[in-house]
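Okay, model_26.pdb is below, PDB, N, CA and C atoms:
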MODEL        1
ATOM      1  N   MET O   1       0.816  -1.193   0.000
ATOM      2  CA  MET O   1       0.000   0.000   0.000
ATOM      3  C   MET O   1       0.854   1.248   0.000
ATOM      4  N   GLY O   2       2.001   1.204   0.590
ATOM      5  CA  GLY O   2       2.847   2.382   0.604
ATOM      6  C   GLY O   2       2.862   3.074   1.945
ATOM      7  N   GLN O   3       3.219   4.325   1.871
ATOM      8  CA  GLN O   3       3.405   5.091   3.090
ATOM      9  C   GLN O   3       2.472   6.295   3.107
ATOM     10  N   ARG O   4       1.997   6.647   4.285
ATOM     11  CA  ARG O   4       1.129   7.816   4.452
ATOM     12  C   ARG O   4       1.924   9.087   4.164
ATOM     13  N   ARG O   5       1.220  10.051   3.651
ATOM     14  CA  ARG O   5       1.806  11.380   3.501
ATOM     15  C   ARG O   5       1.319  12.205   4.682
ATOM     16  N   ILE O   6       2.244  12.649   5.496
ATOM     17  CA  ILE O   6       1.872  13.414   6.684
ATOM     18  C   ILE O   6       2.602  14.746   6.681
ATOM     19  N   GLY O   7       2.186  15.600   7.611
ATOM     20  CA  GLY O   7       2.906  16.842   7.815
ATOM     21  C   GLY O   7       2.531  17.960   6.867
ATOM     22  N   GLN O   8       1.430  17.809   6.126
ATOM     23  CA  GLN O   8       0.977  18.894   5.253
ATOM     24  C   GLN O   8       0.266  19.908   6.145
ATOM     25  N   PHE O   9       1.008  20.908   6.586
ATOM     26  CA  PHE O   9       0.478  21.860   7.539
ATOM     27  C   PHE O   9      -0.477  22.829   6.871
ATOM     28  N   GLY O  10      -1.593  23.066   7.541
ATOM     29  CA  GLY O  10      -2.630  23.926   7.001
ATOM     30  C   GLY O  10      -2.747  25.234   7.764
ATOM     31  N   LEU O  11      -3.824  25.937   7.495
ATOM     32  CA  LEU O  11      -4.075  27.240   8.096
ATOM     33  C   LEU O  11      -4.158  27.152   9.616
ATOM     34  N   LEU O  12      -4.850  26.141  10.120
ATOM     35  CA  LEU O  12      -4.981  25.989  11.567
ATOM     36  C   LEU O  12      -3.636  25.707  12.230
ATOM     37  N   ASP O  13      -2.792  24.909  11.575
ATOM     38  CA  ASP O  13      -1.453  24.648  12.108
ATOM     39  C   ASP O  13      -0.655  25.945  12.214
ATOM     40  N   ALA O  14      -0.764  26.797  11.198
ATOM     41  CA  ALA O  14      -0.049  28.075  11.208
ATOM     42  C   ALA O  14      -0.552  28.967  12.333
ATOM     43  N   ALA O  15      -1.864  28.990  12.545
ATOM     44  CA  ALA O  15      -2.427  29.821  13.610
ATOM     45  C   ALA O  15      -1.975  29.327  14.980
ATOM     46  N   VAL O  16      -1.981  28.023  15.179
ATOM     47  CA  VAL O  16      -1.578  27.457  16.466
ATOM     48  C   VAL O  16      -0.089  27.680  16.708
ATOM     49  N   SER O  17       0.721  27.611  15.668
ATOM     50  CA  SER O  17       2.172  27.756  15.837
ATOM     51  C   SER O  17       2.560  29.170  16.257
ATOM     52  N   ARG O  18       1.689  30.137  16.055
ATOM     53  CA  ARG O  18       1.982  31.517  16.459
ATOM     54  C   ARG O  18       1.777  31.761  17.946
ATOM     55  N   ARG O  19       1.117  30.823  18.617
ATOM     56  CA  ARG O  19       0.913  30.970  20.065
ATOM     57  C   ARG O  19       2.255  30.958  20.772
ATOM     58  N   LYS O  20       2.417  31.845  21.701
ATOM     59  CA  LYS O  20       3.657  31.912  22.479
ATOM     60  C   LYS O  20       3.545  30.962  23.672
ATOM     61  N   PRO O  21       4.494  30.030  23.808
ATOM     62  CA  PRO O  21       4.428  29.109  24.956
ATOM     63  C   PRO O  21       4.701  29.844  26.259
ATOM     64  N   ARG O  22       4.115  29.345  27.324
ATOM     65  CA  ARG O  22       4.323  29.943  28.647
ATOM     66  C   ARG O  22       5.723  29.669  29.169
ATOM     67  N   ARG O  23       6.292  28.578  28.728
ATOM     68  CA  ARG O  23       7.659  28.231  29.120
ATOM     69  C   ARG O  23       8.337  27.617  27.894
ATOM     70  N   PRO O  24       9.659  27.576  27.898
ATOM     71  CA  PRO O  24      10.359  27.000  26.738
ATOM     72  C   PRO O  24       9.918  25.552  26.493
ATOM     73  N   ASP O  25       9.735  25.206  25.242
ATOM     74  CA  ASP O  25       9.302  23.853  24.891
ATOM     75  C   ASP O  25      10.531  22.987  24.636
ATOM     76  N   VAL O  26      10.746  22.026  25.504
ATOM     77  CA  VAL O  26      11.907  21.146  25.421
ATOM     78  C   VAL O  26      11.892  20.361  24.105
ATOM     79  N   LEU O  27      10.718  19.945  23.676
ATOM     80  CA  LEU O  27      10.638  19.154  22.441
ATOM     81  C   LEU O  27      11.038  19.979  21.226
ATOM     82  N   ASP O  28      10.689  21.255  21.205
ATOM     83  CA  ASP O  28      11.136  22.117  20.107
ATOM     84  C   ASP O  28      12.657  22.240  20.120
ATOM     85  N   ASP O  29      13.227  22.377  21.318
ATOM     86  CA  ASP O  29      14.689  22.457  21.429
ATOM     87  C   ASP O  29      15.347  21.178  20.928
ATOM     88  N   ILE O  30      14.815  20.030  21.331
ATOM     89  CA  ILE O  30      15.356  18.744  20.873
ATOM     90  C   ILE O  30      15.211  18.621  19.359
ATOM     91  N   GLY O  31      14.062  19.047  18.844
ATOM     92  CA  GLY O  31      13.829  18.986  17.401
ATOM     93  C   GLY O  31      14.847  19.769  16.604
ATOM     94  N   ARG O  32      15.325  20.860  17.166
ATOM     95  CA  ARG O  32      16.327  21.679  16.471
ATOM     96  C   ARG O  32      17.746  21.127  16.639
ATOM     97  N   LEU O  33      17.987  20.375  17.698
ATOM     98  CA  LEU O  33      19.343  19.891  17.976
ATOM     99  C   LEU O  33      19.790  18.734  17.089
ATOM    100  N   PHE O  34      18.851  17.891  16.697
ATOM    101  CA  PHE O  34      19.195  16.690  15.948
ATOM    102  C   PHE O  34      19.066  16.895  14.443
ATOM    103  N   ASP O  35      19.898  16.183  13.706
ATOM    104  CA  ASP O  35      19.799  16.147  12.251
ATOM    105  C   ASP O  35      18.850  15.005  11.901
ATOM    106  N   TRP O  36      17.559  15.307  11.841
ATOM    107  CA  TRP O  36      16.554  14.272  11.625
ATOM    108  C   TRP O  36      16.656  13.670  10.230
ATOM    109  N   ALA O  37      17.214  14.404   9.281
ATOM    110  CA  ALA O  37      17.389  13.846   7.937
ATOM    111  C   ALA O  37      18.348  12.651   7.976
ATOM    112  N   ALA O  38      19.358  12.717   8.830
ATOM    113  CA  ALA O  38      20.291  11.591   8.963
ATOM    114  C   ALA O  38      19.569  10.375   9.542
ATOM    115  N   PHE O  39      18.721  10.598  10.544
ATOM    116  CA  PHE O  39      17.929   9.493  11.098
ATOM    117  C   PHE O  39      16.992   8.928  10.032
ATOM    118  N   GLU O  40      16.404   9.810   9.248
ATOM    119  CA  GLU O  40      15.481   9.366   8.201
ATOM    120  C   GLU O  40      16.193   8.476   7.181
ATOM    121  N   ARG O  41      17.422   8.832   6.828
ATOM    122  CA  ARG O  41      18.194   7.994   5.899
ATOM    123  C   ARG O  41      18.481   6.627   6.511
ATOM    124  N   LEU O  42      18.807   6.600   7.794
ATOM    125  CA  LEU O  42      19.070   5.320   8.463
ATOM    126  C   LEU O  42      17.816   4.454   8.545
ATOM    127  N   LEU O  43      16.679   5.100   8.742
ATOM    128  CA  LEU O  43      15.412   4.371   8.890
ATOM    129  C   LEU O  43      14.797   3.984   7.536
ATOM    130  N   ALA O  44      15.355   4.478   6.443
ATOM    131  CA  ALA O  44      14.796   4.218   5.111
ATOM    132  C   ALA O  44      14.836   2.742   4.728
ATOM    133  N   VAL O  45      15.626   1.946   5.418
ATOM    134  CA  VAL O  45      15.720   0.518   5.098
ATOM    135  C   VAL O  45      14.513  -0.264   5.619
ATOM    136  N   ILE O  46      13.703   0.347   6.475
ATOM    137  CA  ILE O  46      12.525  -0.334   7.012
ATOM    138  C   ILE O  46      11.469  -0.411   5.916
ATOM    139  N   PRO O  47      10.988  -1.609   5.594
ATOM    140  CA  PRO O  47      10.014  -1.732   4.505
ATOM    141  C   PRO O  47       8.661  -1.129   4.877
ATOM    142  N   VAL O  48       7.958  -0.651   3.859
ATOM    143  CA  VAL O  48       6.606  -0.119   4.062
ATOM    144  C   VAL O  48       5.602  -1.252   3.925
ATOM    145  N   ALA O  49       4.403  -1.019   4.417
ATOM    146  CA  ALA O  49       3.361  -2.054   4.396
ATOM    147  C   ALA O  49       3.016  -2.433   2.959
ATOM    148  N   ALA O  50       2.972  -3.739   2.714
ATOM    149  CA  ALA O  50       2.618  -4.227   1.384
ATOM    150  C   ALA O  50       1.102  -4.355   1.231
ATOM    151  N   LYS O  51       0.414  -4.591   2.343
ATOM    152  CA  LYS O  51      -1.036  -4.764   2.324
ATOM    153  C   LYS O  51      -1.656  -3.887   3.399
ATOM    154  N   GLY O  52      -2.946  -3.704   3.285
ATOM    155  CA  GLY O  52      -3.672  -2.966   4.318
ATOM    156  C   GLY O  52      -3.469  -1.469   4.229
ATOM    157  N   GLU O  53      -3.599  -0.814   5.372
ATOM    158  CA  GLU O  53      -3.481   0.639   5.446
ATOM    159  C   GLU O  53      -2.054   1.075   5.146
ATOM    160  N   PRO O  54      -1.893   2.251   4.558
ATOM    161  CA  PRO O  54      -0.527   2.768   4.376
ATOM    162  C   PRO O  54       0.155   2.953   5.734
ATOM    163  N   SER O  55       1.440   2.701   5.771
ATOM    164  CA  SER O  55       2.174   2.819   7.035
ATOM    165  C   SER O  55       2.545   4.274   7.303
ATOM    166  N   PHE O  56       2.807   4.557   8.568
ATOM    167  CA  PHE O  56       3.309   5.880   8.932
ATOM    168  C   PHE O  56       4.787   5.930   8.579
ATOM    169  N   PRO O  57       5.302   7.113   8.265
ATOM    170  CA  PRO O  57       6.743   7.211   7.989
ATOM    171  C   PRO O  57       7.559   6.708   9.177
ATOM    172  N   ALA O  58       8.662   6.059   8.876
ATOM    173  CA  ALA O  58       9.505   5.478   9.925
ATOM    174  C   ALA O  58      10.005   6.539  10.898
ATOM    175  N   LEU O  59      10.319   7.739  10.406
ATOM    176  CA  LEU O  59      10.811   8.790  11.285
ATOM    177  C   LEU O  59       9.732   9.222  12.276
ATOM    178  N   THR O  60       8.486   9.288  11.834
ATOM    179  CA  THR O  60       7.378   9.635  12.730
ATOM    180  C   THR O  60       7.234   8.585  13.821
ATOM    181  N   MET O  61       7.312   7.327  13.443
ATOM    182  CA  MET O  61       7.186   6.250  14.428
ATOM    183  C   MET O  61       8.384   6.242  15.387
ATOM    184  N   PHE O  62       9.571   6.546  14.880
ATOM    185  CA  PHE O  62      10.766   6.622  15.721
ATOM    186  C   PHE O  62      10.615   7.742  16.747
ATOM    187  N   LYS O  63      10.133   8.896  16.299
ATOM    188  CA  LYS O  63       9.929  10.024  17.212
ATOM    189  C   LYS O  63       8.847   9.697  18.240
ATOM    190  N   ALA O  64       7.805   8.991  17.826
ATOM    191  CA  ALA O  64       6.764   8.575  18.771
ATOM    192  C   ALA O  64       7.342   7.619  19.811
ATOM    193  N   LEU O  65       8.205   6.723  19.384
ATOM    194  CA  LEU O  65       8.860   5.800  20.311
ATOM    195  C   LEU O  65       9.738   6.561  21.307
ATOM    196  N   LEU O  66      10.459   7.574  20.822
ATOM    197  CA  LEU O  66      11.262   8.403  21.729
ATOM    198  C   LEU O  66      10.377   9.074  22.774
ATOM    199  N   LEU O  67       9.282   9.679  22.328
ATOM    200  CA  LEU O  67       8.352  10.337  23.253
ATOM    201  C   LEU O  67       7.815   9.339  24.281
ATOM    202  N   GLN O  68       7.464   8.167  23.803
ATOM    203  CA  GLN O  68       6.906   7.141  24.684
ATOM    204  C   GLN O  68       7.906   6.758  25.771
ATOM    205  N   ARG O  69       9.160   6.604  25.406
ATOM    206  CA  ARG O  69      10.196   6.220  26.374
ATOM    207  C   ARG O  69      10.502   7.377  27.324
ATOM    208  N   TRP O  70      10.648   8.589  26.784
ATOM    209  CA  TRP O  70      10.998   9.747  27.610
ATOM    210  C   TRP O  70       9.928  10.055  28.652
ATOM    211  N   TYR O  71       8.663   9.855  28.289
ATOM    212  CA  TYR O  71       7.566  10.208  29.181
ATOM    213  C   TYR O  71       6.963   8.990  29.888
ATOM    214  N   GLY O  72       7.510   7.805  29.657
ATOM    215  CA  GLY O  72       7.057   6.601  30.347
ATOM    216  C   GLY O  72       5.599   6.257  30.073
ATOM    217  N   LEU O  73       5.191   6.315  28.804
ATOM    218  CA  LEU O  73       3.794   6.096  28.434
ATOM    219  C   LEU O  73       3.569   4.695  27.880
ATOM    220  N   SER O  74       2.441   4.108  28.229
ATOM    221  CA  SER O  74       2.027   2.840  27.624
ATOM    222  C   SER O  74       1.578   3.124  26.191
ATOM    223  N   ASP O  75       1.328   2.067  25.424
ATOM    224  CA  ASP O  75       0.853   2.265  24.053
ATOM    225  C   ASP O  75      -0.475   3.027  24.014
ATOM    226  N   PRO O  76      -1.486   2.653  24.817
ATOM    227  CA  PRO O  76      -2.735   3.430  24.805
ATOM    228  C   PRO O  76      -2.541   4.876  25.272
ATOM    229  N   ALA O  77      -1.668   5.101  26.259
ATOM    230  CA  ALA O  77      -1.416   6.466  26.729
ATOM    231  C   ALA O  77      -0.692   7.277  25.663
ATOM    232  N   MET O  78       0.182   6.647  24.914
ATOM    233  CA  MET O  78       0.884   7.335  23.834
ATOM    234  C   MET O  78      -0.084   7.696  22.720
ATOM    235  N   GLU O  79      -0.999   6.789  22.412
ATOM    236  CA  GLU O  79      -2.032   7.082  21.415
ATOM    237  C   GLU O  79      -2.807   8.334  21.823
ATOM    238  N   ALA O  80      -3.237   8.390  23.083
ATOM    239  CA  ALA O  80      -4.002   9.535  23.570
ATOM    240  C   ALA O  80      -3.159  10.811  23.546
ATOM    241  N   ALA O  81      -1.896  10.708  23.938
ATOM    242  CA  ALA O  81      -1.030  11.886  23.969
ATOM    243  C   ALA O  81      -0.771  12.424  22.562
ATOM    244  N   LEU O  82      -0.546  11.538  21.595
ATOM    245  CA  LEU O  82      -0.341  11.997  20.217
ATOM    246  C   LEU O  82      -1.597  12.639  19.650
ATOM    247  N   PHE O  83      -2.749  12.194  20.130
ATOM    248  CA  PHE O  83      -4.003  12.740  19.637
ATOM    249  C   PHE O  83      -4.272  14.136  20.178
ATOM    250  N   ASP O  84      -3.919  14.395  21.462
ATOM    251  CA  ASP O  84      -4.348  15.669  22.033
ATOM    252  C   ASP O  84      -3.238  16.607  22.498
ATOM    253  N   ARG O  85      -1.979  16.217  22.412
ATOM    254  CA  ARG O  85      -0.901  17.127  22.810
ATOM    255  C   ARG O  85      -0.244  17.720  21.585
ATOM    256  N   LEU O  86      -0.414  19.011  21.431
ATOM    257  CA  LEU O  86       0.144  19.694  20.262
ATOM    258  C   LEU O  86       1.658  19.555  20.193
ATOM    259  N   SER O  87       2.319  19.610  21.342
ATOM    260  CA  SER O  87       3.780  19.504  21.330
ATOM    261  C   SER O  87       4.230  18.132  20.831
ATOM    262  N   PHE O  88       3.497  17.084  21.186
ATOM    263  CA  PHE O  88       3.834  15.745  20.706
ATOM    264  C   PHE O  88       3.579  15.638  19.202
ATOM    265  N   GLN O  89       2.456  16.167  18.734
ATOM    266  CA  GLN O  89       2.153  16.135  17.304
ATOM    267  C   GLN O  89       3.224  16.870  16.515
ATOM    268  N   ARG O  90       3.582  18.059  16.983
ATOM    269  CA  ARG O  90       4.580  18.863  16.281
ATOM    270  C   ARG O  90       5.921  18.139  16.260
ATOM    271  N   PHE O  91       6.335  17.560  17.397
ATOM    272  CA  PHE O  91       7.608  16.846  17.454
ATOM    273  C   PHE O  91       7.622  15.662  16.485
ATOM    274  N   ALA O  92       6.512  14.940  16.410
ATOM    275  CA  ALA O  92       6.432  13.763  15.535
ATOM    276  C   ALA O  92       6.259  14.133  14.064
ATOM    277  N   GLY O  93       6.019  15.409  13.777
ATOM    278  CA  GLY O  93       5.853  15.847  12.389
ATOM    279  C   GLY O  93       4.442  15.683  11.865
ATOM    280  N   LEU O  94       3.480  15.613  12.757
ATOM    281  CA  LEU O  94       2.077  15.440  12.374
ATOM    282  C   LEU O  94       1.368  16.790  12.360
ATOM    283  N   SER O  95       0.572  17.028  11.352
ATOM    284  CA  SER O  95      -0.259  18.226  11.324
ATOM    285  C   SER O  95      -1.545  17.940  12.092
ATOM    286  N   LEU O  96      -2.322  18.972  12.327
ATOM    287  CA  LEU O  96      -3.589  18.795  13.043
ATOM    288  C   LEU O  96      -4.587  17.966  12.242
ATOM    289  N   ASP O  97      -4.427  17.921  10.926
ATOM    290  CA  ASP O  97      -5.315  17.142  10.071
ATOM    291  C   ASP O  97      -4.893  15.684   9.924
ATOM    292  N   ASP O  98      -3.670  15.366  10.300
ATOM    293  CA  ASP O  98      -3.171  13.999  10.142
ATOM    294  C   ASP O  98      -3.806  13.054  11.156
ATOM    295  N   GLU O  99      -4.014  11.824  10.722
ATOM    296  CA  GLU O  99      -4.391  10.776  11.673
ATOM    297  C   GLU O  99      -3.164  10.474  12.514
ATOM    298  N   THR O 100      -3.398  10.059  13.745
ATOM    299  CA  THR O 100      -2.283   9.687  14.607
ATOM    300  C   THR O 100      -2.266   8.167  14.762
ATOM    301  N   PRO O 101      -1.083   7.600  14.975
ATOM    302  CA  PRO O 101      -1.011   6.150  15.150
ATOM    303  C   PRO O 101      -1.813   5.695  16.366
ATOM    304  N   ASP O 102      -2.516   4.585  16.227
ATOM    305  CA  ASP O 102      -3.255   4.056  17.383
ATOM    306  C   ASP O 102      -2.333   3.138  18.194
ATOM    307  N   HIS O 103      -2.847   2.671  19.330
ATOM    308  CA  HIS O 103      -2.009   1.888  20.240
ATOM    309  C   HIS O 103      -1.502   0.586  19.622
ATOM    310  N   SER O 104      -2.283  -0.012  18.720
ATOM    311  CA  SER O 104      -1.831  -1.257  18.111
ATOM    312  C   SER O 104      -0.705  -0.995  17.101
ATOM    313  N   THR O 105      -0.729   0.135  16.458
ATOM    314  CA  THR O 105       0.352   0.511  15.544
ATOM    315  C   THR O 105       1.614   0.815  16.331
ATOM    316  N   LEU O 106       1.461   1.506  17.453
ATOM    317  CA  LEU O 106       2.607   1.839  18.291
ATOM    318  C   LEU O 106       3.237   0.590  18.882
ATOM    319  N   ALA O 107       2.443  -0.420  19.186
ATOM    320  CA  ALA O 107       2.950  -1.658  19.786
ATOM    321  C   ALA O 107       3.817  -2.440  18.806
ATOM    322  N   VAL O 108       3.568  -2.285  17.541
ATOM    323  CA  VAL O 108       4.298  -3.026  16.508
ATOM    324  C   VAL O 108       5.637  -2.373  16.232
ATOM    325  N   SER O 109       5.725  -1.060  16.418
ATOM    326  CA  SER O 109       6.953  -0.352  16.036
ATOM    327  C   SER O 109       8.103  -0.643  16.968
TER     328      SER O 109
ENDMDL
END

Would you write the structure of this file as structure tokens?
Amino acid sequence: MGQRRIGQFGLLDAAVSRRKPRRPDVLDDIGRLFDWAAFERLLAVIPVAAKGEPSFPALTMFKALLLQRWYGLSDPAMEAALFDRLSFQRFAGLSLDDETPDHSTLAVS
């Protein structure tokens, strides 16, 4: 089936990104520190789904796994956090219009 296309930021994403955080966002700082393109090249060897739903990009799933480990979240808790925490969505490269991985997808990664 291939891979999902994510991260197409829209008008609402632009409006939300203009909000000034009350405190520095650690995830934004981490996002700027790493060369994510290098990680993406390393993760490119992971095959995409041949059947069923298109898979999420490997880099998005890797970032979700990092968030899950850093914050000590179970798969269902990570699903909920990716759905409603803007900082997690932004770090993972998801726009507000993108579907987020569910707990069963996170468990496989």

(Q) Using only C-alpha atoms, which protein or nucleic acid residues come within 10 Å of region 33-37 of chain O? Drop anything in the same chain fewer than 5 positions from it, and give the result as a list in words. (A) Leu27, Asp28, Leu42, Leu43, Leu59 and Lys63 of chain O

I need the residues from that last selection saved to file as a PDB file, in the frame of the given file (with N, CA and C atoms), if you can.
ATOM      1  N   LEU O  27      10.718  19.945  23.676  1.00  0.00           N
ATOM      2  CA  LEU O  27      10.638  19.154  22.441  1.00  0.00           C
ATOM      3  C   LEU O  27      11.038  19.979  21.226  1.00  0.00           C
ATOM      4  N   ASP O  28      10.689  21.255  21.205  1.00  0.00           N
ATOM      5  CA  ASP O  28      11.136  22.117  20.107  1.00  0.00           C
ATOM      6  C   ASP O  28      12.657  22.240  20.120  1.00  0.00           C
ATOM      7  N   LEU O  42      18.807   6.600   7.794  1.00  0.00           N
ATOM      8  CA  LEU O  42      19.070   5.320   8.463  1.00  0.00           C
ATOM      9  C   LEU O  42      17.816   4.454   8.545  1.00  0.00           C
ATOM     10  N   LEU O  43      16.679   5.100   8.742  1.00  0.00           N
ATOM     11  CA  LEU O  43      15.412   4.371   8.890  1.00  0.00           C
ATOM     12  C   LEU O  43      14.797   3.984   7.536  1.00  0.00           C
ATOM     13  N   LEU O  59      10.319   7.739  10.406  1.00  0.00           N
ATOM     14  CA  LEU O  59      10.811   8.790  11.285  1.00  0.00           C
ATOM     15  C   LEU O  59       9.732   9.222  12.276  1.00  0.00           C
ATOM     16  N   LYS O  63      10.133   8.896  16.299  1.00  0.00           N
ATOM     17  CA  LYS O  63       9.929  10.024  17.212  1.00  0.00           C
ATOM     18  C   LYS O  63       8.847   9.697  18.240  1.00  0.00           C
TER      19      LYS O  63
END

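Rounded to one decimal, CA of Ala92 (chain O) and CA of Met61 (chain O) lie 7.6 Å from each other.
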
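Across the model, the gap from atom C of Ala64 (chain O) to atom C of Phe91 (chain O) is 8.7 Å.
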
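Using only C-alpha atoms, the protein and nucleic acid residues lying no more than 10 Å from Phe83 (chain O), apart from those fewer than 6 places from it along its own chain, are Ala77, Gln89, Leu94, Leu96, Asp98, Glu99, Thr100, Pro101 and Asp102 of chain O.
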
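We find atom C of Gly72 (chain O) and CA of Ser95 (chain O) to be spaced 23.0 Å apart.
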
Which residues, protein or nucleic acid, reach to within 12 Å of (5.1, 11.1, 26.2) in the file's coordinates when using only C-alpha atoms, and can you give that as a PyMOL selection string? chain O and resi 27+63-89+91-92

Which centre and which edge lengths, in Å to one decimal, describe the axis-aligned box that holds all listed atoms of region 51-69 of chain O after 6 Å is added on each side, as AutoDock Vina command-line options?
--center_x 3.8 --center_y 2.8 --center_z 14.8 --size_x 26.9 --size_y 27.1 --size_z 37.0

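For the file at hand, the PyMOL selection byres (((chain O and resi 46 and name CA) around 12) and name CA) resolves to Gly2, Gln3, Phe39, Glu40, Arg41, Leu42, Leu43, Ala44, Val45, Pro47, Val48, Ala49, Ser55, Phe56, Pro57, Ala58, Leu59, Met61, Phe62 and Ser109 of chain O.
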